[in-house]
$ cat query_33.txt   # compact mmCIF, C-alpha atoms
# COMPACT_ATOMS: atom_id res chain seq x y z
CA MET A 255 32.32 78.11 8.16
CA LYS A 256 29.37 78.39 5.78
CA LYS A 257 31.76 77.78 2.87
CA ASN A 258 32.97 74.54 4.47
CA ILE A 259 29.40 73.40 5.12
CA LEU A 260 28.48 74.02 1.48
CA SER A 261 31.62 72.24 0.28
CA ASP A 262 30.92 69.20 2.45
CA PHE A 263 27.32 69.15 1.24
CA PHE A 264 28.29 68.99 -2.46
CA VAL A 265 30.96 66.36 -1.78
CA LYS A 266 28.52 64.15 0.11
CA LYS A 267 25.53 64.88 -2.16
CA PRO A 268 26.90 65.37 -5.72
CA GLU A 269 23.42 64.81 -7.17
CA TYR A 270 22.39 68.23 -5.82
CA PHE A 271 25.28 69.79 -7.71
CA THR A 272 23.97 68.11 -10.88
CA LEU A 273 20.50 69.50 -10.12
CA LEU A 274 22.06 72.95 -9.77
CA ILE A 275 23.72 72.62 -13.19
CA ILE A 276 20.39 71.60 -14.76
CA ALA A 277 18.67 74.65 -13.23
CA VAL A 278 21.42 77.02 -14.40
CA TYR A 279 21.39 75.50 -17.90
CA PHE A 280 17.60 75.88 -18.09
CA ILE A 281 17.88 79.54 -17.12
CA ILE A 282 20.62 80.23 -19.69
CA ILE A 283 18.76 78.58 -22.59
CA SER A 284 15.46 80.18 -21.53
CA SER A 285 17.10 83.61 -21.60
CA ILE A 286 18.01 82.93 -25.24
CA ASN A 287 14.65 81.41 -26.16
CA SER A 288 11.82 82.00 -23.67
CA ASP A 289 9.74 79.16 -25.15
CA PHE A 290 12.20 76.66 -23.71
CA PHE A 291 11.14 77.35 -20.12
CA SER A 292 7.81 75.53 -19.93
CA VAL A 293 6.19 72.48 -18.38
CA ASP A 294 5.71 71.02 -21.86
CA THR A 295 9.48 71.18 -22.46
CA MET A 296 10.18 69.34 -19.22
CA ILE A 297 7.66 66.63 -20.04
CA ARG A 298 9.10 66.19 -23.54
CA ILE A 299 12.62 65.87 -22.12
CA LEU A 300 11.43 63.16 -19.72
CA PHE A 301 9.49 61.36 -22.46
CA ASN A 302 12.31 61.46 -25.04
CA GLY A 303 14.93 60.38 -22.52
CA ILE A 304 13.15 57.30 -21.16
CA MET A 305 15.53 54.83 -22.87
CA LEU A 306 18.62 56.67 -21.64
CA PHE A 307 17.16 56.96 -18.13
CA PHE A 308 16.59 53.21 -17.82
CA ILE A 309 20.03 52.35 -19.22
CA THR A 310 21.71 54.87 -16.90
CA ILE A 311 20.18 53.66 -13.64
CA GLY A 312 20.88 50.08 -14.70
CA ILE A 313 24.54 50.65 -15.52
CA SER A 314 24.90 52.50 -12.21
CA ALA A 315 24.39 49.20 -10.38
CA VAL A 316 27.42 47.78 -12.19
CA ILE A 317 29.61 50.86 -11.69
CA ILE A 318 28.84 50.93 -7.96
CA THR A 319 30.47 47.48 -7.70
CA LYS A 320 33.58 48.92 -9.44
CA ASN A 321 32.83 47.30 -12.79
CA ILE A 322 31.66 48.59 -16.16
CA ASP A 323 29.17 47.43 -18.80
CA VAL A 324 29.64 48.73 -22.34
CA SER A 325 27.31 46.14 -23.85
CA VAL A 326 24.02 47.63 -22.63
CA GLY A 327 23.32 49.55 -25.86
CA SER A 328 23.65 46.42 -27.98
CA LEU A 329 21.73 44.37 -25.41
CA MET A 330 18.89 46.88 -25.56
CA GLY A 331 18.88 46.59 -29.35
CA LEU A 332 18.80 42.79 -29.18
CA SER A 333 16.01 42.82 -26.58
CA ALA A 334 13.99 45.24 -28.70
CA THR A 335 14.54 43.15 -31.83
CA ILE A 336 13.44 39.86 -30.29
CA GLY A 337 10.63 41.47 -28.29
CA GLY A 338 9.40 43.34 -31.37
CA THR A 339 9.44 40.15 -33.45
CA VAL A 340 7.41 38.29 -30.82
CA LEU A 341 4.95 41.19 -30.71
CA ASN A 342 4.48 41.25 -34.48
CA GLN A 343 4.03 37.49 -34.73
CA THR A 344 1.71 36.98 -31.74
CA ASN A 345 0.05 40.37 -31.13
CA ASN A 346 0.55 39.51 -27.46
CA ALA A 347 1.94 42.54 -25.59
CA THR A 348 2.49 40.65 -22.32
CA LEU A 349 4.54 37.94 -24.03
CA ALA A 350 6.56 40.56 -25.94
CA ILE A 351 7.31 42.52 -22.75
CA LEU A 352 8.35 39.40 -20.85
CA THR A 353 10.53 38.35 -23.79
CA ALA A 354 12.33 41.71 -23.95
CA LEU A 355 12.90 41.71 -20.18
CA GLY A 356 14.02 38.07 -20.27
CA VAL A 357 16.57 38.69 -23.03
CA GLY A 358 17.94 41.63 -21.06
CA VAL A 359 18.28 39.63 -17.83
CA LEU A 360 19.92 36.68 -19.63
CA GLY A 361 22.39 38.99 -21.33
CA GLY A 362 23.24 40.55 -17.96
CA LEU A 363 23.57 37.10 -16.38
CA PHE A 364 26.01 36.06 -19.12
CA ASN A 365 28.11 39.18 -18.51
CA GLY A 366 28.02 38.70 -14.74
CA ILE A 367 29.13 35.06 -14.86
CA GLY A 368 32.01 35.97 -17.18
CA VAL A 369 33.22 38.74 -14.88
CA ALA A 370 32.55 37.18 -11.46
CA TYR A 371 33.21 33.48 -12.00
CA LEU A 372 35.47 33.29 -15.08
CA GLY A 373 37.61 36.22 -13.96
CA VAL A 374 37.33 38.18 -17.21
CA THR A 375 37.90 41.92 -16.76
CA ALA A 376 34.56 43.74 -17.03
CA ILE A 377 35.61 46.04 -19.88
CA ILE A 378 36.95 43.08 -21.92
CA MET A 379 33.93 40.90 -21.20
CA THR A 380 31.37 43.53 -22.11
CA LEU A 381 33.28 44.72 -25.18
CA GLY A 382 33.07 41.13 -26.39
CA THR A 383 29.39 40.76 -25.60
CA MET A 384 28.68 44.14 -27.19
CA ALA A 385 29.85 42.67 -30.48
CA ILE A 386 28.07 39.37 -29.81
CA PHE A 387 24.73 40.99 -29.02
CA ARG A 388 24.94 43.26 -32.07
CA GLY A 389 25.89 40.30 -34.26
CA LEU A 390 22.98 38.21 -32.92
CA LEU A 391 20.64 41.12 -33.63
CA ILE A 392 21.67 41.28 -37.30
CA MET A 393 21.64 37.48 -37.64
CA PHE A 394 18.16 37.31 -36.11
CA THR A 395 16.71 39.87 -38.52
CA GLY A 396 18.85 39.08 -41.55
CA GLY A 397 19.75 42.77 -41.70
CA ALA A 398 16.10 43.90 -41.97
CA TRP A 399 14.31 46.31 -39.63
CA ILE A 400 11.49 45.26 -37.32
CA GLN A 401 8.55 47.29 -38.60
CA ASN A 402 4.74 47.41 -38.55
CA VAL A 403 4.54 47.33 -34.75
CA PRO A 404 0.83 47.05 -33.73
CA GLU A 405 -0.79 50.42 -33.14
CA PHE A 406 -2.08 49.48 -29.69
CA PHE A 407 1.52 49.06 -28.54
CA THR A 408 2.79 52.34 -29.98
CA ASN A 409 -0.16 54.10 -28.31
CA PHE A 410 0.83 52.56 -24.97
CA SER A 411 3.75 54.92 -24.29
CA ARG A 412 1.65 57.95 -25.29
CA MET A 413 -1.13 57.24 -22.81
CA LYS A 414 -1.26 59.89 -20.09
CA PHE A 415 -2.08 59.90 -16.40
CA LEU A 416 -2.25 63.17 -14.41
CA GLY A 417 -0.64 65.02 -17.30
CA LEU A 418 2.40 62.73 -17.64
CA ASN A 419 2.97 59.91 -20.11
CA LEU A 420 2.44 56.45 -18.64
CA SER A 421 6.03 55.55 -19.58
CA ILE A 422 7.30 58.34 -17.31
CA TRP A 423 5.23 57.08 -14.37
CA ILE A 424 6.53 53.54 -14.92
CA PHE A 425 10.11 54.82 -14.98
CA PHE A 426 9.65 56.76 -11.74
CA ALA A 427 8.17 53.66 -10.09
CA VAL A 428 11.23 51.61 -11.15
CA LEU A 429 13.58 54.43 -10.08
CA ILE A 430 12.04 54.62 -6.59
CA GLY A 431 12.15 50.82 -6.33
CA LEU A 432 15.87 50.74 -7.19
CA TRP A 433 16.59 53.63 -4.82
CA TYR A 434 14.87 51.77 -1.99
CA PHE A 435 16.75 48.58 -2.84
CA PHE A 436 20.18 50.24 -2.79
CA SER A 437 19.65 52.51 0.22
CA LYS A 438 17.30 50.58 2.49
CA THR A 439 18.01 46.86 2.02
CA LYS A 440 20.92 44.79 3.27
CA ILE A 441 21.57 43.22 -0.15
CA GLY A 442 21.54 46.64 -1.77
CA ARG A 443 24.24 47.89 0.64
CA TYR A 444 26.37 44.90 -0.34
CA PHE A 445 26.86 46.53 -3.77
CA TYR A 446 28.58 49.50 -2.12
CA ALA A 447 30.65 47.26 0.13
CA VAL A 448 31.91 45.27 -2.87
CA GLY A 449 32.70 48.47 -4.75
CA ASN A 450 34.55 50.01 -1.82
CA ASN A 451 36.66 47.00 -0.89
CA LYS A 452 36.10 43.61 -2.45
CA GLU A 453 38.46 41.78 -0.08
CA GLY A 454 37.01 43.55 2.93
CA ALA A 455 33.51 42.58 1.80
CA LYS A 456 34.60 38.93 1.62
CA LEU A 457 35.94 39.10 5.19
CA GLN A 458 32.56 40.44 6.33
CA GLY A 459 30.85 37.39 4.85
CA ILE A 460 29.36 39.10 1.81
CA SER A 461 28.90 36.88 -1.25
CA VAL A 462 30.94 39.02 -3.65
CA LYS A 463 30.53 36.97 -6.83
CA PRO A 464 26.73 36.63 -6.67
CA THR A 465 26.52 40.38 -5.90
CA ILE A 466 28.52 41.19 -9.05
CA VAL A 467 26.35 38.86 -11.14
CA PHE A 468 23.23 40.47 -9.66
CA SER A 469 24.52 43.95 -10.61
CA PHE A 470 24.91 42.92 -14.25
CA MET A 471 21.45 41.33 -14.21
CA ILE A 472 19.96 44.62 -12.98
CA SER A 473 21.76 46.39 -15.84
CA GLY A 474 20.34 43.84 -18.28
CA LEU A 475 16.83 44.17 -16.82
CA MET A 476 16.94 47.95 -17.29
CA ALA A 477 18.13 47.39 -20.88
CA GLY A 478 15.02 45.24 -21.32
CA PHE A 479 12.78 48.03 -20.00
CA ALA A 480 14.50 50.49 -22.34
CA ALA A 481 13.85 48.08 -25.23
CA ILE A 482 10.12 47.94 -24.46
CA PHE A 483 9.76 51.71 -24.61
CA TYR A 484 12.01 51.92 -27.65
CA ILE A 485 9.57 49.67 -29.52
CA SER A 486 6.58 51.59 -28.23
CA GLN A 487 7.91 55.11 -28.86
CA ILE A 488 9.75 54.56 -32.15
CA GLY A 489 7.37 51.98 -33.63
CA ALA A 490 10.25 50.17 -35.37
CA VAL A 491 13.59 48.60 -34.47
CA PRO A 492 16.51 49.39 -36.82
CA ASN A 493 19.78 47.42 -36.79
CA GLN A 494 21.59 50.28 -35.07
CA ALA A 495 19.12 50.48 -32.16
CA GLY A 496 21.00 51.34 -28.97
CA ASN A 497 24.26 52.29 -30.71
CA GLY A 498 26.30 54.63 -28.49
CA LEU A 499 23.75 54.56 -25.69
CA GLU A 500 26.22 52.95 -23.30
CA THR A 501 28.63 55.89 -23.65
CA GLN A 502 25.90 58.41 -22.83
CA ALA A 503 24.72 56.29 -19.90
CA ILE A 504 28.19 55.99 -18.36
CA ALA A 505 28.76 59.73 -18.79
CA ALA A 506 25.35 60.51 -17.27
CA ALA A 507 26.01 58.26 -14.27
CA VAL A 508 29.40 59.90 -13.63
CA ILE A 509 27.95 63.41 -13.98
CA GLY A 510 25.27 62.40 -11.47
CA GLY A 511 27.84 61.40 -8.85
CA ILE A 512 28.38 57.67 -9.48
CA SER A 513 32.09 57.10 -8.90
CA LEU A 514 34.02 55.02 -11.47
CA THR A 515 36.15 53.80 -8.56
CA GLY A 516 33.05 52.13 -7.09
CA GLY A 517 31.13 52.29 -3.84
CA ARG A 518 29.72 55.80 -4.22
CA GLY A 519 26.64 57.49 -5.68
CA ASN A 520 22.95 56.71 -6.04
CA VAL A 521 20.45 56.12 -8.82
CA PHE A 522 18.70 59.47 -8.31
CA GLY A 523 21.96 61.25 -9.08
CA ALA A 524 22.50 59.04 -12.13
CA PHE A 525 18.99 59.89 -13.33
CA LEU A 526 19.69 63.63 -12.95
CA GLY A 527 22.88 63.19 -14.97
CA ALA A 528 20.82 61.61 -17.75
CA VAL A 529 18.27 64.44 -17.52
CA LEU A 530 21.10 66.94 -18.01
CA LEU A 531 22.32 65.17 -21.16
CA GLU A 532 18.80 64.92 -22.56
CA THR A 533 18.20 68.60 -21.75
CA ILE A 534 21.33 69.55 -23.70
CA ASN A 535 20.21 67.52 -26.72
CA TYR A 536 16.69 68.94 -26.63
CA SER A 537 17.88 72.55 -26.18
CA LEU A 538 19.82 72.46 -29.45
CA VAL A 539 16.47 72.42 -31.28
CA TYR A 540 15.43 75.66 -29.56
CA LEU A 541 18.77 77.22 -30.39
CA LYS A 542 18.06 76.40 -34.07
CA VAL A 543 21.30 74.49 -34.40
CA PRO A 544 21.47 72.29 -37.56
CA GLY A 545 20.95 68.62 -36.76
CA TYR A 546 24.40 67.55 -37.94
CA TRP A 547 25.98 69.70 -35.19
CA ASN A 548 24.10 67.92 -32.40
CA ASN A 549 26.67 65.23 -31.63
CA ALA A 550 29.63 67.62 -31.75
CA ILE A 551 28.00 70.25 -29.53
CA SER A 552 26.56 67.69 -27.12
CA GLY A 553 29.98 66.04 -26.87
CA PHE A 554 31.71 69.36 -26.23
CA LEU A 555 29.21 70.39 -23.55
CA LEU A 556 29.44 66.95 -21.97
CA LEU A 557 33.24 67.13 -21.84
CA PHE A 558 33.11 70.67 -20.43
CA ILE A 559 30.65 69.67 -17.70
CA ILE A 560 32.63 66.55 -16.74
CA VAL A 561 35.92 68.50 -16.57
CA PHE A 562 34.28 71.37 -14.67
CA SER A 563 32.57 68.97 -12.24
CA THR A 564 35.82 67.06 -11.66
CA LEU A 565 37.83 70.24 -11.03
CA LEU A 566 35.14 71.62 -8.71
CA GLN A 567 34.92 68.39 -6.74
CA LYS A 568 38.72 68.36 -6.47
CA TYR A 569 38.71 71.99 -5.28
CA ILE A 570 36.00 71.26 -2.71
CA LYS A 571 37.93 68.27 -1.34
CA GLU A 572 41.15 70.29 -1.13
CA GLU A 573 39.29 73.09 0.68
CA ARG A 574 37.93 70.59 3.14
CA GLU A 575 41.41 69.20 3.77
CA ARG A 576 42.82 72.70 4.23
CA ALA A 577 40.02 73.49 6.70
CA LYS A 578 40.91 70.37 8.69
CA ASP A 579 44.61 71.35 8.70
CA ARG A 580 43.73 74.86 9.90
CA LYS A 581 41.62 73.43 12.71
CA ILE A 582 44.43 71.08 13.76
CA ARG A 583 46.92 73.97 13.82
CA GLU A 584 44.49 76.19 15.77
CA ASP A 585 43.88 73.43 18.33
CA TYR A 586 47.63 72.85 18.60
CA PHE A 587 48.39 76.51 19.34
CA LYS A 588 45.46 76.72 21.76
CA ASN A 589 46.89 73.78 23.69
CA ILE A 590 50.34 75.42 23.73
CA LYS A 591 48.81 78.63 25.14
CA LYS A 592 46.93 76.66 27.78
CA ASP A 593 50.10 74.83 28.80
CA SER A 594 51.98 78.15 28.98
CA LYS A 595 49.33 79.65 31.23
CA LYS A 596 49.41 76.60 33.49
CA GLU A 597 53.19 76.89 33.79
CA GLU A 598 52.89 80.60 34.65
CA VAL A 599 50.29 79.85 37.34
CA LEU A 600 52.36 77.04 38.81
CA GLY A 601 55.48 79.22 38.72
CA GLY A 602 53.66 82.02 40.54
CA GLU A 603 52.39 79.66 43.23
CA ALA A 604 55.90 78.28 43.76
CA ASN A 605 57.24 81.80 44.29

$ encode --input "query_33.txt" --output "structure tokens"
Amino acid sequence: MKKNILSDFFVKKPEYFTLLIIAVYFIIISSINSDFFSVDTMIRILFNGIMLFFITIGISAVIITKNIDVSVGSLMGLSATIGGTVLNQTNNATLAILTALGVGVLGGLFNGIGVAYLGVTAIIMTLGTMAIFRGLLIMFTGGAWIQNVPEFFTNFSRMKFLGLNLSIWIFFAVLIGLWYFFSKTKIGRYFYAVGNNKEGAKLQGISVKPTIVFSFMISGLMAGFAAIFYISQIGAVPNQAGNGLETQAIAAAVIGGISLTGGRGNVFGAFLGAVLLETINYSLVYLKVPGYWNNAISGFLLLFIIVFSTLLQKYIKEERERAKDRKIREDYFKNIKKDSKKEEVLGGEAN
């Protein structure tokens, strides 16, 4: 019975399984290098992973509606490039931030219209815009990097409040806001309805197309936030900014319980998936692994975790189905015994 309760819990709340993996991984690495297990390590992981965290919770909105967005890495790069240029030319942080966010939202809007209203498959649409955004980035800069970012802006992400970087507090505020939107508001629940059954959502009166567009705009907005902190933390914007970030974000969301088939998962789980990936990357430093092995080892660990998680989830679901079958059989035989006893009693009374 306890086994079934635990199985049901992990099926319904996959984010807790991700949290368990993070805890186990921390313990394993800390047993190899005791310096790894510290508050400072946790803060550094959160600080270094800010860009991935924003991209991951943004792309989760799209995946929940049973779509995909592989352009977010390039869109983040474009937003950072244009925002960084505005910052350098005007020294106006507010204008630069609004520009980066605006570019992100417009890019998401473009993707959403293509998918929802023009009927282009999400993977095809966003593969195309991935190339477009990257091309616009290079055209905008002429192949040069955005450098010499004002010092006041690079200091912004390093400012601390109650021991945590300001950027971390801002991320948590956005994360809680998105969680509330998806779990507590009617419009937020529409995303899950569209992801579960698009035709069924239409019959219930849900505006499916605007919901899909909105999901891509959220993804673009989060790419804009990631761009702001990229500028602030890195202090420069190279042409390859954001390259490969979409792959990590999709993997992180899936690890955190966001279903690629749509309609399942939450942004907290997606965030935990991103924390796990960032923890793996950061731990390689403590294990004194040469830098050129990082991608290979991270990729291997990522693949292992995804395969293990998938097999475990499959096993848990099968166990739950077997438990249901056992209960049905037990109830069936109980009913047969009851009927037999009734017949015996009736037969005795007749005699």

$ atom_distance --input "query_33.txt" --atom1 "CA of Met330 in chain A" --atom2 "CA of Ala477 in chain A"
4.8 Å

$ axis_aligned_box --input "query_33.txt" --around "range 481-491 of chain A" --padding-each-side "4 Å" --output "lines of an AutoDock Vina configuration file"
center_x = 10.2
center_y = 51.5
center_z = -29.9
size_x = 15.3
size_y = 15.2
size_z = 18.9

$ closest_atom_pairs --input "query_33.txt" --of "range 399-422 of chain A" --to "range 288-307 of chain A" --cutoff "12 Å" --atoms "only C-alpha atoms" --output "Markdown table"
| residue | atom | partner | partner_atom | distance |
| --- | --- | --- | --- | --- |
| A:Ser411 | CA | A:Phe301 | CA | 8.8 |
| A:Arg412 | CA | A:Phe301 | CA | 9.0 |
| A:Met413 | CA | A:Phe301 | CA | 11.4 |
| A:Lys414 | CA | A:Phe301 | CA | 11.1 |
| A:Leu416 | CA | A:Ile297 | CA | 11.9 |
| A:Gly417 | CA | A:Ile297 | CA | 8.9 |
| A:Leu418 | CA | A:Ile297 | CA | 7.0 |
| A:Asn419 | CA | A:Phe301 | CA | 7.1 |
| A:Leu420 | CA | A:Phe301 | CA | 9.4 |
| A:Ser421 | CA | A:Phe301 | CA | 7.3 |
| A:Ile422 | CA | A:Phe301 | CA | 6.4 |

$ closest_residue --input "query_33.txt" --among "A:Ile322, A:Ala524, A:Ala277, A:Ala480" --to "Gly358 in chain A" --atoms "all atoms listed in the file"
A:Ala480

$ closest_residue --input "query_33.txt" --among "A:Phe445, A:Phe280, A:Phe468, A:Tyr536" --to "Val369 in chain A" --atoms "all atoms listed in the file"
A:Phe468

$ atom_distance --input "query_33.txt" --atom1 "CA of Phe435 in chain A" --atom2 "CA of Asn520 in chain A"
10.7 Å

$ atom_distance --input "query_33.txt" --atom1 "CA of Ala334 in chain A" --atom2 "CA of Leu381 in chain A"
19.6 Å

$ residues_near_point --input "query_33.txt" --point "(18.3, 48.1, -12.0)" --cutoff "7 Å" --atoms "only C-alpha atoms" --output "PDB file with C-alpha atoms, in the coordinates of the input"
ATOM      1  CA  ILE A 311      20.180  53.660 -13.640  1.00  0.00           C
ATOM      2  CA  GLY A 312      20.880  50.080 -14.700  1.00  0.00           C
ATOM      3  CA  ALA A 315      24.390  49.200 -10.380  1.00  0.00           C
ATOM      4  CA  LEU A 432      15.870  50.740  -7.190  1.00  0.00           C
ATOM      5  CA  ILE A 472      19.960  44.620 -12.980  1.00  0.00           C
ATOM      6  CA  SER A 473      21.760  46.390 -15.840  1.00  0.00           C
ATOM      7  CA  LEU A 475      16.830  44.170 -16.820  1.00  0.00           C
ATOM      8  CA  MET A 476      16.940  47.950 -17.290  1.00  0.00           C
TER       9      MET A 476
END

$ closest_residue --input "query_33.txt" --among "A:Ala507, A:Gly431, A:Ile351, A:Leu457" --to "Gly338 in chain A" --atoms "all atoms listed in the file"
A:Ile351

$ residues_near_point --input "query_33.txt" --point "(20.5, 49.5, -33.6)" --cutoff "9 Å" --atoms "all atoms listed in the file" --output "PyMOL selection string"
chain A and resi 327-328+330-332+335+388+391+491-497

$ closest_residue --input "query_33.txt" --among "A:Phe470, A:Phe522, A:Phe554, A:Phe425" --to "Asp323 in chain A" --atoms "all atoms listed in the file"
A:Phe470

$ closest_residue --input "query_33.txt" --among "A:Ala455, A:Thr564, A:Ile283, A:Ser314" --to "Lys542 in chain A" --atoms "all atoms listed in the file"
A:Ile283

$ decode --input "query_33.txt" --residues "range 446-455 of chain A" --atoms "all heavy atoms" --output "mmCIF file, in the first residue's frame"
data_model
loop_
_atom_site.group_PDB
_atom_site.id
_atom_site.type_symbol
_atom_site.label_atom_id
_atom_site.label_comp_id
_atom_site.auth_asym_id
_atom_site.auth_seq_id
_atom_site.Cartn_x
_atom_site.Cartn_y
_atom_site.Cartn_z
ATOM 1 N N TYR A 446 -3.243 24.381 -20.262
ATOM 2 C CA TYR A 446 -3.287 22.937 -20.040
ATOM 3 C C TYR A 446 -4.409 22.293 -20.851
ATOM 4 O O TYR A 446 -4.248 21.196 -21.386
ATOM 5 C CB TYR A 446 -3.483 22.635 -18.549
ATOM 6 C CG TYR A 446 -2.279 22.978 -17.710
ATOM 7 C CD1 TYR A 446 -2.163 24.219 -17.083
ATOM 8 C CD2 TYR A 446 -1.242 22.063 -17.543
ATOM 9 C CE1 TYR A 446 -1.051 24.534 -16.317
ATOM 10 C CE2 TYR A 446 -0.132 22.371 -16.772
ATOM 11 C CZ TYR A 446 -0.039 23.605 -16.166
ATOM 12 O OH TYR A 446 1.068 23.915 -15.417
ATOM 13 N N ALA A 447 -5.526 22.985 -20.925
ATOM 14 C CA ALA A 447 -6.658 22.460 -21.695
ATOM 15 C C ALA A 447 -6.294 22.331 -23.170
ATOM 16 O O ALA A 447 -6.604 21.321 -23.809
ATOM 17 C CB ALA A 447 -7.870 23.380 -21.523
ATOM 18 N N VAL A 448 -5.624 23.339 -23.706
ATOM 19 C CA VAL A 448 -5.196 23.306 -25.114
ATOM 20 C C VAL A 448 -4.189 22.180 -25.333
ATOM 21 O O VAL A 448 -4.247 21.460 -26.337
ATOM 22 C CB VAL A 448 -4.590 24.662 -25.531
ATOM 23 C CG1 VAL A 448 -3.935 24.574 -26.914
ATOM 24 C CG2 VAL A 448 -5.666 25.742 -25.527
ATOM 25 N N GLY A 449 -3.269 22.019 -24.388
ATOM 26 C CA GLY A 449 -2.265 20.969 -24.515
ATOM 27 C C GLY A 449 -2.839 19.574 -24.400
ATOM 28 O O GLY A 449 -2.382 18.640 -25.075
ATOM 29 N N ASN A 450 -3.861 19.411 -23.563
ATOM 30 C CA ASN A 450 -4.485 18.102 -23.379
ATOM 31 C C ASN A 450 -5.337 17.697 -24.571
ATOM 32 O O ASN A 450 -5.267 16.571 -25.051
ATOM 33 C CB ASN A 450 -5.357 18.095 -22.113
ATOM 34 C CG ASN A 450 -4.548 17.830 -20.864
ATOM 35 O OD1 ASN A 450 -3.683 16.966 -20.852
ATOM 36 N ND2 ASN A 450 -4.806 18.588 -19.813
ATOM 37 N N ASN A 451 -6.153 18.619 -25.043
ATOM 38 C CA ASN A 451 -7.069 18.308 -26.145
ATOM 39 C C ASN A 451 -7.503 19.608 -26.811
ATOM 40 O O ASN A 451 -8.378 20.315 -26.311
ATOM 41 C CB ASN A 451 -8.287 17.537 -25.608
ATOM 42 C CG ASN A 451 -9.149 17.005 -26.719
ATOM 43 O OD1 ASN A 451 -9.225 17.561 -27.811
ATOM 44 N ND2 ASN A 451 -9.841 15.901 -26.444
ATOM 45 N N LYS A 452 -6.872 19.903 -27.929
ATOM 46 C CA LYS A 452 -7.137 21.176 -28.610
ATOM 47 C C LYS A 452 -8.597 21.280 -29.061
ATOM 48 O O LYS A 452 -9.245 22.305 -28.891
ATOM 49 C CB LYS A 452 -6.207 21.323 -29.810
ATOM 50 C CG LYS A 452 -6.209 22.712 -30.425
ATOM 51 C CD LYS A 452 -5.330 22.780 -31.672
ATOM 52 C CE LYS A 452 -3.877 22.611 -31.333
ATOM 53 N NZ LYS A 452 -3.017 22.811 -32.535
ATOM 54 N N GLU A 453 -9.109 20.182 -29.639
ATOM 55 C CA GLU A 453 -10.491 20.196 -30.126
ATOM 56 C C GLU A 453 -11.471 20.289 -28.969
ATOM 57 O O GLU A 453 -12.475 20.998 -29.050
ATOM 58 C CB GLU A 453 -10.767 18.936 -30.961
ATOM 59 C CG GLU A 453 -9.959 18.842 -32.247
ATOM 60 C CD GLU A 453 -10.126 20.066 -33.135
ATOM 61 O OE1 GLU A 453 -11.285 20.537 -33.276
ATOM 62 O OE2 GLU A 453 -9.113 20.560 -33.667
ATOM 63 N N GLY A 454 -11.167 19.567 -27.901
ATOM 64 C CA GLY A 454 -12.022 19.633 -26.717
ATOM 65 C C GLY A 454 -12.040 21.030 -26.120
ATOM 66 O O GLY A 454 -13.079 21.497 -25.653
ATOM 67 N N ALA A 455 -10.877 21.696 -26.141
ATOM 68 C CA ALA A 455 -10.793 23.065 -25.622
ATOM 69 C C ALA A 455 -11.651 24.014 -26.448
ATOM 70 O O ALA A 455 -12.327 24.900 -25.905
ATOM 71 C CB ALA A 455 -9.335 23.524 -25.625
#
